[in-house]
$ cat structure_2.txt   # compact mmCIF, C-alpha atoms and all ligand atoms
# COMPACT_ATOMS: atom_id res chain seq x y z
CA MET S 23 -9.88 12.99 18.37
CA GLU S 24 -10.43 11.15 21.67
CA PHE S 25 -10.06 7.37 21.42
CA ASP S 26 -13.30 5.51 22.10
CA ALA S 27 -12.92 1.71 22.26
CA MET S 28 -16.66 1.19 21.61
CA ARG S 29 -16.69 2.82 18.14
CA PRO S 30 -15.60 0.99 14.96
CA ILE S 31 -12.00 2.10 14.77
CA LEU S 32 -12.29 3.92 11.43
CA ASP S 33 -15.85 5.13 11.99
CA GLY S 34 -16.64 7.74 9.30
CA LYS S 35 -13.03 8.29 8.26
CA VAL S 36 -12.47 8.91 4.55
CA VAL S 37 -9.67 6.61 3.40
CA LEU S 38 -8.05 6.45 -0.04
CA VAL S 39 -6.63 3.07 -1.11
CA THR S 40 -4.36 2.77 -4.17
CA GLY S 41 -3.90 -0.60 -5.81
CA GLY S 42 -7.38 -1.31 -4.50
CA ALA S 43 -8.09 -3.84 -7.27
CA GLY S 44 -5.05 -6.00 -6.38
CA GLY S 45 -4.59 -8.76 -3.85
CA ILE S 46 -3.63 -6.79 -0.74
CA GLY S 47 -5.65 -3.74 -1.81
CA THR S 48 -8.94 -5.61 -2.29
CA ALA S 49 -8.62 -7.42 1.04
CA ALA S 50 -7.66 -4.18 2.77
CA CYS S 51 -10.74 -2.43 1.34
CA THR S 52 -12.99 -5.06 2.96
CA VAL S 53 -11.16 -4.81 6.29
CA LEU S 54 -11.26 -0.99 6.26
CA ALA S 55 -14.91 -0.82 5.20
CA GLN S 56 -15.87 -3.26 7.98
CA ALA S 57 -14.06 -0.93 10.40
CA GLY S 58 -16.35 1.92 9.32
CA ALA S 59 -14.19 3.72 6.74
CA ARG S 60 -15.71 5.54 3.78
CA LEU S 61 -13.52 4.40 0.91
CA VAL S 62 -12.09 5.94 -2.21
CA ILE S 63 -10.74 2.92 -4.07
CA SER S 64 -8.29 3.62 -6.86
CA ASP S 65 -6.47 1.47 -9.40
CA ILE S 66 -5.50 1.39 -13.05
CA ALA S 67 -7.71 -1.74 -13.42
CA GLN S 68 -11.06 -0.07 -13.92
CA GLU S 69 -13.51 -2.95 -14.26
CA THR S 70 -12.23 -4.81 -11.20
CA GLY S 71 -12.08 -1.58 -9.22
CA HIS S 72 -15.69 -0.68 -10.01
CA ASN S 73 -16.81 -4.22 -9.11
CA ILE S 74 -15.07 -4.06 -5.73
CA ALA S 75 -16.63 -0.70 -4.88
CA ASN S 76 -20.08 -1.92 -6.00
CA ALA S 77 -19.77 -5.12 -3.95
CA LEU S 78 -18.87 -3.14 -0.82
CA CYS S 79 -21.83 -0.77 -1.40
CA ASP S 80 -24.13 -3.82 -1.80
CA GLN S 81 -22.93 -4.95 1.64
CA GLY S 82 -24.00 -1.59 3.09
CA HIS S 83 -20.58 0.11 3.11
CA GLU S 84 -19.70 3.46 1.54
CA ALA S 85 -17.18 3.18 -1.32
CA ILE S 86 -16.49 4.80 -4.66
CA PHE S 87 -14.00 3.84 -7.37
CA VAL S 88 -11.83 6.52 -8.96
CA PRO S 89 -9.50 5.23 -11.68
CA ALA S 90 -5.96 6.57 -11.81
CA ASP S 91 -2.69 5.59 -13.46
CA LEU S 92 -0.15 6.43 -10.79
CA SER S 93 2.62 6.94 -13.34
CA SER S 94 1.05 10.37 -13.94
CA GLU S 95 1.39 13.27 -11.49
CA VAL S 96 -1.71 14.90 -12.97
CA ALA S 97 -3.72 11.71 -12.33
CA ILE S 98 -2.59 11.61 -8.70
CA GLU S 99 -3.45 15.27 -8.17
CA ARG S 100 -6.89 14.63 -9.73
CA LEU S 101 -7.45 11.57 -7.55
CA VAL S 102 -6.96 13.58 -4.36
CA ALA S 103 -9.02 16.48 -5.76
CA GLU S 104 -11.85 14.07 -6.65
CA THR S 105 -11.73 12.64 -3.11
CA MET S 106 -12.05 16.14 -1.65
CA SER S 107 -14.88 17.10 -3.98
CA ARG S 108 -16.84 13.90 -3.19
CA PHE S 109 -16.23 13.70 0.58
CA GLY S 110 -14.83 17.12 1.61
CA ARG S 111 -12.05 15.53 3.64
CA LEU S 112 -9.24 12.97 3.61
CA ASP S 113 -8.41 11.22 6.87
CA GLY S 114 -6.34 8.27 5.72
CA ALA S 115 -4.41 6.95 2.75
CA PHE S 116 -3.12 3.46 2.05
CA ASN S 117 -0.53 3.95 -0.71
CA ASN S 118 -0.32 0.34 -1.72
CA ALA S 119 -0.22 0.05 -5.53
CA GLY S 120 2.93 -1.50 -6.86
CA MET S 121 4.57 -3.75 -9.42
CA GLU S 122 7.16 -6.49 -9.21
CA GLN S 123 10.70 -6.71 -10.54
CA GLY S 124 11.70 -8.27 -13.85
CA ASN S 125 13.84 -11.05 -12.25
CA THR S 126 17.15 -10.28 -13.94
CA PRO S 127 20.56 -9.45 -12.47
CA LEU S 128 21.33 -5.75 -12.25
CA ASP S 129 23.50 -5.61 -15.38
CA LYS S 130 20.56 -6.93 -17.44
CA ILE S 131 18.05 -4.36 -16.16
CA THR S 132 17.26 -1.87 -18.91
CA LEU S 133 16.94 1.78 -18.00
CA SER S 134 13.27 1.73 -19.02
CA GLN S 135 12.57 -1.24 -16.70
CA TRP S 136 14.41 0.55 -13.86
CA ASP S 137 12.48 3.78 -14.51
CA ARG S 138 9.10 1.99 -14.63
CA VAL S 139 9.55 0.19 -11.30
CA ILE S 140 10.98 3.28 -9.57
CA GLN S 141 8.08 5.32 -11.01
CA ILE S 142 5.28 3.05 -9.77
CA ASP S 143 6.83 1.70 -6.56
CA LEU S 144 8.57 4.87 -5.30
CA THR S 145 7.85 8.09 -7.22
CA ALA S 146 4.10 7.46 -7.08
CA VAL S 147 4.33 7.14 -3.28
CA PHE S 148 6.15 10.49 -3.16
CA LEU S 149 3.46 12.10 -5.34
CA CYS S 150 0.61 10.55 -3.36
CA ILE S 151 2.03 11.93 -0.10
CA LYS S 152 2.68 15.30 -1.76
CA TYR S 153 -1.01 15.78 -2.64
CA GLN S 154 -2.54 13.88 0.30
CA VAL S 155 -0.87 15.89 3.07
CA PRO S 156 -2.35 19.31 2.14
CA ALA S 157 -5.79 17.67 1.80
CA MET S 158 -5.45 16.06 5.25
CA LEU S 159 -4.28 19.32 6.81
CA GLN S 160 -7.53 21.01 5.73
CA ASN S 161 -9.23 18.98 8.50
CA GLY S 162 -6.46 18.92 11.07
CA GLY S 163 -4.37 15.92 10.03
CA GLY S 164 -4.52 12.25 9.12
CA SER S 165 -2.63 9.01 8.70
CA ILE S 166 -0.71 7.71 5.68
CA VAL S 167 0.39 4.08 5.32
CA ASN S 168 2.78 3.15 2.52
CA THR S 169 3.26 -0.45 1.41
CA ALA S 170 6.99 -1.12 1.29
CA SER S 171 8.21 -4.73 1.63
CA GLY S 172 10.65 -6.86 3.59
CA LEU S 173 12.77 -6.09 0.54
CA GLY S 174 12.89 -2.52 1.83
CA GLN S 175 15.35 -3.79 4.42
CA ILE S 176 17.05 -6.81 2.86
CA ALA S 177 17.84 -7.97 -0.69
CA ILE S 178 17.30 -11.05 -2.82
CA PRO S 179 19.07 -11.76 -6.11
CA ASN S 180 17.71 -10.47 -9.43
CA ALA S 181 15.46 -7.75 -8.00
CA ALA S 182 17.64 -4.62 -7.77
CA GLU S 183 15.02 -2.21 -9.14
CA TYR S 184 12.35 -3.45 -6.70
CA VAL S 185 14.74 -3.64 -3.74
CA ALA S 186 15.94 -0.08 -4.42
CA ALA S 187 12.39 1.24 -4.77
CA LYS S 188 11.18 -0.42 -1.56
CA HIS S 189 14.23 0.81 0.42
CA GLY S 190 13.22 4.23 -0.91
CA VAL S 191 9.64 3.82 0.33
CA ILE S 192 10.93 3.34 3.87
CA GLY S 193 13.15 6.40 3.45
CA ILE S 194 10.40 8.66 2.17
CA THR S 195 8.07 7.38 4.90
CA ARG S 196 10.52 8.49 7.59
CA ALA S 197 11.21 11.80 5.82
CA ALA S 198 7.50 12.60 5.52
CA ALA S 199 6.94 11.57 9.16
CA ALA S 200 9.60 14.12 10.12
CA ASP S 201 8.08 16.85 7.93
CA TYR S 202 4.46 16.50 9.06
CA GLY S 203 4.38 14.73 12.46
CA ALA S 204 4.14 18.02 14.34
CA MET S 205 1.22 19.06 12.13
CA GLY S 206 -0.86 15.96 12.87
CA VAL S 207 -0.15 13.79 9.84
CA ARG S 208 1.42 10.43 10.76
CA VAL S 209 3.27 8.50 8.04
CA ASN S 210 4.19 4.82 8.45
CA ALA S 211 5.26 1.93 6.23
CA LEU S 212 4.16 -1.71 6.16
CA LEU S 213 6.72 -4.37 5.28
CA PRO S 214 4.77 -7.44 4.18
CA GLY S 215 6.50 -10.78 3.90
CA ILE S 216 5.34 -12.93 1.02
CA VAL S 217 1.59 -12.56 0.51
CA ARG S 218 -0.71 -14.82 -1.53
CA THR S 219 -1.79 -12.36 -4.25
CA PRO S 220 -1.82 -12.13 -8.06
CA MET S 221 1.69 -10.60 -7.82
CA LEU S 222 2.96 -13.76 -6.10
CA GLU S 223 1.17 -15.87 -8.72
CA ARG S 224 2.96 -14.01 -11.51
CA LEU S 225 6.32 -14.44 -9.77
CA SER S 226 5.62 -18.15 -9.17
CA ASN S 227 5.01 -18.58 -12.89
CA ASP S 228 8.46 -17.19 -13.69
CA ALA S 229 10.87 -20.13 -13.74
CA SER S 230 13.78 -17.83 -12.88
CA PHE S 231 12.10 -16.72 -9.63
CA SER S 232 9.96 -19.63 -8.45
CA PRO S 233 12.82 -21.69 -6.87
CA LEU S 234 13.43 -18.78 -4.48
CA ILE S 235 9.86 -18.79 -3.22
CA GLU S 236 10.00 -22.07 -1.28
CA LYS S 237 13.35 -21.00 0.19
CA MET S 238 11.83 -17.71 1.32
CA LYS S 239 8.85 -19.50 2.85
CA MET S 240 11.19 -21.24 5.30
CA ARG S 241 12.58 -17.85 6.31
CA HIS S 242 9.11 -16.88 7.57
CA MET S 243 9.20 -18.19 11.16
CA MET S 244 5.53 -19.16 10.83
CA GLN S 245 6.46 -21.22 7.73
CA ARG S 246 3.57 -19.98 5.64
CA PHE S 247 2.82 -16.98 3.48
CA ALA S 248 0.50 -14.14 4.55
CA GLU S 249 -3.12 -13.90 3.51
CA PRO S 250 -3.86 -10.45 2.02
CA HIS S 251 -6.28 -9.50 4.81
CA GLU S 252 -3.49 -9.88 7.38
CA ILE S 253 -1.73 -6.92 5.76
CA GLY S 254 -5.05 -5.03 5.65
CA GLU S 255 -5.49 -5.55 9.41
CA ALA S 256 -2.13 -3.87 10.09
CA ALA S 257 -3.05 -1.00 7.76
CA LYS S 258 -6.36 -0.62 9.61
CA TRP S 259 -4.60 -0.12 12.93
CA LEU S 260 -2.03 2.32 11.57
CA LEU S 261 -4.82 4.34 9.92
CA SER S 262 -6.81 4.46 13.16
CA ASP S 263 -6.59 6.75 16.18
CA GLY S 264 -5.49 3.66 18.11
CA ALA S 265 -2.06 4.27 16.57
CA SER S 266 -2.09 7.96 17.48
CA PHE S 267 1.57 8.04 18.62
CA VAL S 268 2.96 5.73 15.93
CA ASN S 269 4.91 7.72 13.35
CA GLY S 270 7.83 6.97 11.02
CA VAL S 271 7.64 3.25 11.70
CA ALA S 272 8.57 0.46 9.25
CA LEU S 273 6.29 -2.30 10.53
CA ALA S 274 7.06 -5.84 9.38
CA VAL S 275 3.99 -8.02 8.86
CA ASP S 276 5.90 -11.08 7.81
CA GLY S 277 5.50 -13.95 10.25
CA GLY S 278 8.98 -13.20 11.60
CA ALA S 279 10.90 -13.32 8.31
CA LEU S 280 13.01 -10.23 8.97
CA ALA S 281 13.74 -11.42 12.50
CA ASN S 282 15.13 -14.72 11.20
N1 LIG S 301 2.48 -10.03 -2.66
C1 LIG S 301 3.59 -9.95 -1.94
O1 LIG S 301 4.21 -10.98 -1.60
C2 LIG S 301 4.13 -8.61 -1.51
C3 LIG S 301 5.16 -8.58 -0.57
C4 LIG S 301 5.66 -7.37 -0.14
C5 LIG S 301 5.14 -6.19 -0.66
N2 LIG S 301 4.15 -6.24 -1.57
C6 LIG S 301 3.63 -4.95 -2.06
O2 LIG S 301 2.25 -4.90 -1.77
C7 LIG S 301 1.60 -4.02 -2.70
C8 LIG S 301 0.38 -4.73 -3.28
O3 LIG S 301 0.85 -5.87 -3.97
P1 LIG S 301 -0.07 -7.15 -4.32
O4 LIG S 301 0.71 -8.32 -3.95
O5 LIG S 301 -1.45 -6.93 -3.82
O6 LIG S 301 0.00 -7.03 -5.91
P2 LIG S 301 -1.14 -7.05 -7.02
O7 LIG S 301 -0.41 -7.12 -8.31
O8 LIG S 301 -2.16 -8.07 -6.70
O9 LIG S 301 -1.81 -5.62 -6.84
C9 LIG S 301 -1.15 -4.42 -7.23
C10 LIG S 301 -2.20 -3.44 -7.72
O10 LIG S 301 -1.53 -2.24 -8.09
C11 LIG S 301 -2.14 -1.78 -9.29
N3 LIG S 301 -1.23 -0.96 -10.10
C12 LIG S 301 -0.09 -1.36 -10.71
N4 LIG S 301 0.40 -0.36 -11.44
C13 LIG S 301 -0.44 0.71 -11.28
C14 LIG S 301 -0.46 2.02 -11.80
N5 LIG S 301 0.45 2.46 -12.68
N6 LIG S 301 -1.46 2.84 -11.40
C15 LIG S 301 -2.40 2.40 -10.56
N7 LIG S 301 -2.45 1.16 -10.04
C16 LIG S 301 -1.48 0.33 -10.41
C17 LIG S 301 -2.49 -3.07 -10.07
O11 LIG S 301 -3.48 -2.84 -11.07
C18 LIG S 301 -2.95 -3.97 -8.96
O12 LIG S 301 -4.34 -3.90 -8.76
C19 LIG S 301 2.66 -3.65 -3.73
O13 LIG S 301 3.20 -2.39 -3.41
C20 LIG S 301 3.71 -4.74 -3.55
O14 LIG S 301 4.98 -4.31 -3.98
C21 LIG S 301 3.62 -7.42 -2.01
$ encode --input "structure_2.txt" --output "structure tokens" --more "lines below"
Ligand SMILES: NC(=O)c1ccc[n+]([C@@H]2O[C@H](COP(=O)([O-])OP(=O)(O)OC[C@H]3O[C@@H](n4cnc5c(N)ncnc54)[C@H](O)[C@@H]3O)[C@@H](O)[C@H]2O)c1
Amino acid sequence: MEFDAMRPILDGKVVLVTGGAGGIGTAACTVLAQAGARLVISDIAQETGHNIANALCDQGHEAIFVPADLSSEVAIERLVAETMSRFGRLDGAFNNAGMEQGNTPLDKITLSQWDRVIQIDLTAVFLCIKYQVPAMLQNGGGSIVNTASGLGQIAIPNAAEYVAAKHGVIGITRAAAADYGAMGVRVNALLPGIVRTPMLERLSNDASFSPLIEKMKMRHMMQRFAEPHEIGEAAKWLLSDGASFVNGVALAVDGGALAN
């Protein structure tokens, strides 16, 4: 598609957002809708998800909520199928749902805790891409944005399962970019710094993690945390035709934390 600077940058594009009821996801839905996207919002949190879709529709945007538990391959397949049956196309996907670590050193992580975080933070991204790509190819291509983390490139103590999963998200992003770039599907990752969301609130309430938070704030060169919409803005650009030659990138949106 030819780039036209006068059109809203996601004008008419059908975009699927996972974790749409969470902090970054909700803010991203507003940013993407305002840029003209038609949204399929998904989350395990049904009531919040429905409310977000309804609020966007009330503001004149096009959005539906489709619940899905991303720990299930069948649910992910159904989510993409439902998107295709409702809109007939899939142009963009923001694979953003995720969960935090349990804040214990590696030798105290149970196998079930490891499996759960790898399942939601990494395997679900694999499965989303697996079903999204064929849907996108039906209309000539698309753009996928996966939410990794700064912890996809560096580590902090007591977060091995999350750090491993997010390193994996960057890996699968690059691998998928290599598989599908020539076919017109771009795949990129966002690496947020610390963002003011319910996930951060939960971590702040954990006495074993909260002392790290202030320390990490100083690592952000801008010496503040991100607002959720600042991550949504980066997703918007990567999903748009403005980023038409951006593929396989791990883009830090972290106020300079990884550069410090
Ligand atoms: N907040 C931060 O500081 C930060 C930093 C770097 C990366 N991230 C990443 O950003 C993404 C969004 O995080 P957030 O801070 O908005 O967190 P959040 O907890 O506010 O939102 C996460 C959303 O994912 C959904 N979710 C969790 N498990 C699910 C499942 N099994 N099926 C479907 N949906 C599920 C939750 O219901 C929630 O709405 C995550 O991938 C997170 O790892 C967050």
$ axis_aligned_box --input "structure_2.txt" --around "ligand LIG 301 (chain S)" --padding-each-side "8 Å" --output "lines of an AutoDock Vina configuration file"
center_x = 0.7
center_y = -4.1
center_z = -6.4
size_x = 26.0
size_y = 29.8
size_z = 28.5
$ residues_near_ligand --input "structure_2.txt" --ligand "ligand LIG 301 (chain S)" --cutoff "6 Å" --atoms "all atoms listed in the file" --output "NGL selection string"
:S and (41-47 or 65-67 or 90-93 or 118-121 or 142 or 169-171 or 214-222)
$ residues_around --input "structure_2.txt" --residues "S:Ala187" --least-positions-apart "2" --cutoff "7 Å" --atoms "all atoms listed in the file" --output "PDB file with C-alpha atoms, in the coordinates of the input"
ATOM      1  CA  ILE S 140      10.980   3.280  -9.570  1.00  0.00           C
ATOM      2  CA  ASP S 143       6.830   1.700  -6.560  1.00  0.00           C
ATOM      3  CA  LEU S 144       8.570   4.870  -5.300  1.00  0.00           C
ATOM      4  CA  GLU S 183      15.020  -2.210  -9.140  1.00  0.00           C
ATOM      5  CA  TYR S 184      12.350  -3.450  -6.700  1.00  0.00           C
ATOM      6  CA  VAL S 185      14.740  -3.640  -3.740  1.00  0.00           C
ATOM      7  CA  HIS S 189      14.230   0.810   0.420  1.00  0.00           C
ATOM      8  CA  GLY S 190      13.220   4.230  -0.910  1.00  0.00           C
ATOM      9  CA  VAL S 191       9.640   3.820   0.330  1.00  0.00           C
TER      10      VAL S 191
END
$ closest_atom_pairs --input "structure_2.txt" --of "stretch 100-187 of chain S" --to "stretch 231-248 of chain S" --cutoff "10 Å" --atoms "all atoms listed in the file" --output "Markdown table"
| residue | atom | partner | partner_atom | distance |
| --- | --- | --- | --- | --- |
| S:Gly124 | CA | S:Phe231 | CA | 9.5 |
| S:Asn125 | CA | S:Phe231 | CA | 6.5 |
| S:Thr126 | CA | S:Phe231 | CA | 9.2 |
| S:Ile178 | CA | S:Leu234 | CA | 8.8 |
| S:Pro179 | CA | S:Leu234 | CA | 9.2 |
| S:Asn180 | CA | S:Phe231 | CA | 8.4 |
| S:Ala181 | CA | S:Phe231 | CA | 9.7 |
$ atom_distance --input "structure_2.txt" --atom1 "atom CA of S:Ile151" --atom2 "atom CA of S:Ile253"
20.1 Å
$ atom_distance --input "structure_2.txt" --atom1 "atom CA of S:Leu32" --atom2 "atom CA of S:Leu61"
10.6 Å
$ residues_around --input "structure_2.txt" --residues "stretch 94-106 of chain S" --least-positions-apart "3" --cutoff "9 Å" --atoms "all atoms listed in the file" --output "short mmCIF file (atom, residue, chain, number, x, y, z; two decimals) with C-alpha atoms, in the frame of the given file"
data_model
loop_
_atom_site.label_atom_id
_atom_site.label_comp_id
_atom_site.auth_asym_id
_atom_site.auth_seq_id
_atom_site.Cartn_x
_atom_site.Cartn_y
_atom_site.Cartn_z
CA VAL S 36 -12.47 8.91 4.55
CA LEU S 38 -8.05 6.45 -0.04
CA VAL S 62 -12.09 5.94 -2.21
CA SER S 64 -8.29 3.62 -6.86
CA VAL S 88 -11.83 6.52 -8.96
CA PRO S 89 -9.50 5.23 -11.68
CA ALA S 90 -5.96 6.57 -11.81
CA ASP S 91 -2.69 5.59 -13.46
CA PHE S 109 -16.23 13.70 0.58
CA GLY S 110 -14.83 17.12 1.61
CA ARG S 111 -12.05 15.53 3.64
CA LEU S 112 -9.24 12.97 3.61
CA ALA S 146 4.10 7.46 -7.08
CA LEU S 149 3.46 12.10 -5.34
CA CYS S 150 0.61 10.55 -3.36
CA LYS S 152 2.68 15.30 -1.76
CA TYR S 153 -1.01 15.78 -2.64
CA GLN S 154 -2.54 13.88 0.30
CA ALA S 157 -5.79 17.67 1.80
#
$ residues_around --input "structure_2.txt" --residues "S:Ala182" --least-positions-apart "5" --cutoff "8 Å" --atoms "all atoms listed in the file" --output "PyMOL selection string"
chain S and resi 123+127-128+177
$ atom_distance --input "structure_2.txt" --atom1 "atom CA of S:Ala186" --atom2 "atom CA of S:Gly278"
21.8 Å
$ closest_residue --input "structure_2.txt" --among "S:Cys51, S:Leu273, S:Ala59, S:Met205" --to "S:Pro30" --atoms "all atoms listed in the file"
S:Ala59
$ residues_around --input "structure_2.txt" --residues "S:Gly34" --least-positions-apart "3" --cutoff "12 Å" --atoms "only C-alpha atoms" --output "PyMOL selection string"
chain S and resi 29-31+37+54-61+83-85+109+111-114+262
$ closest_residue --input "structure_2.txt" --among "S:Val167, S:Ala75, S:Val147, S:Ala27" --to "S:Leu212" --atoms "only C-alpha atoms"
S:Val167
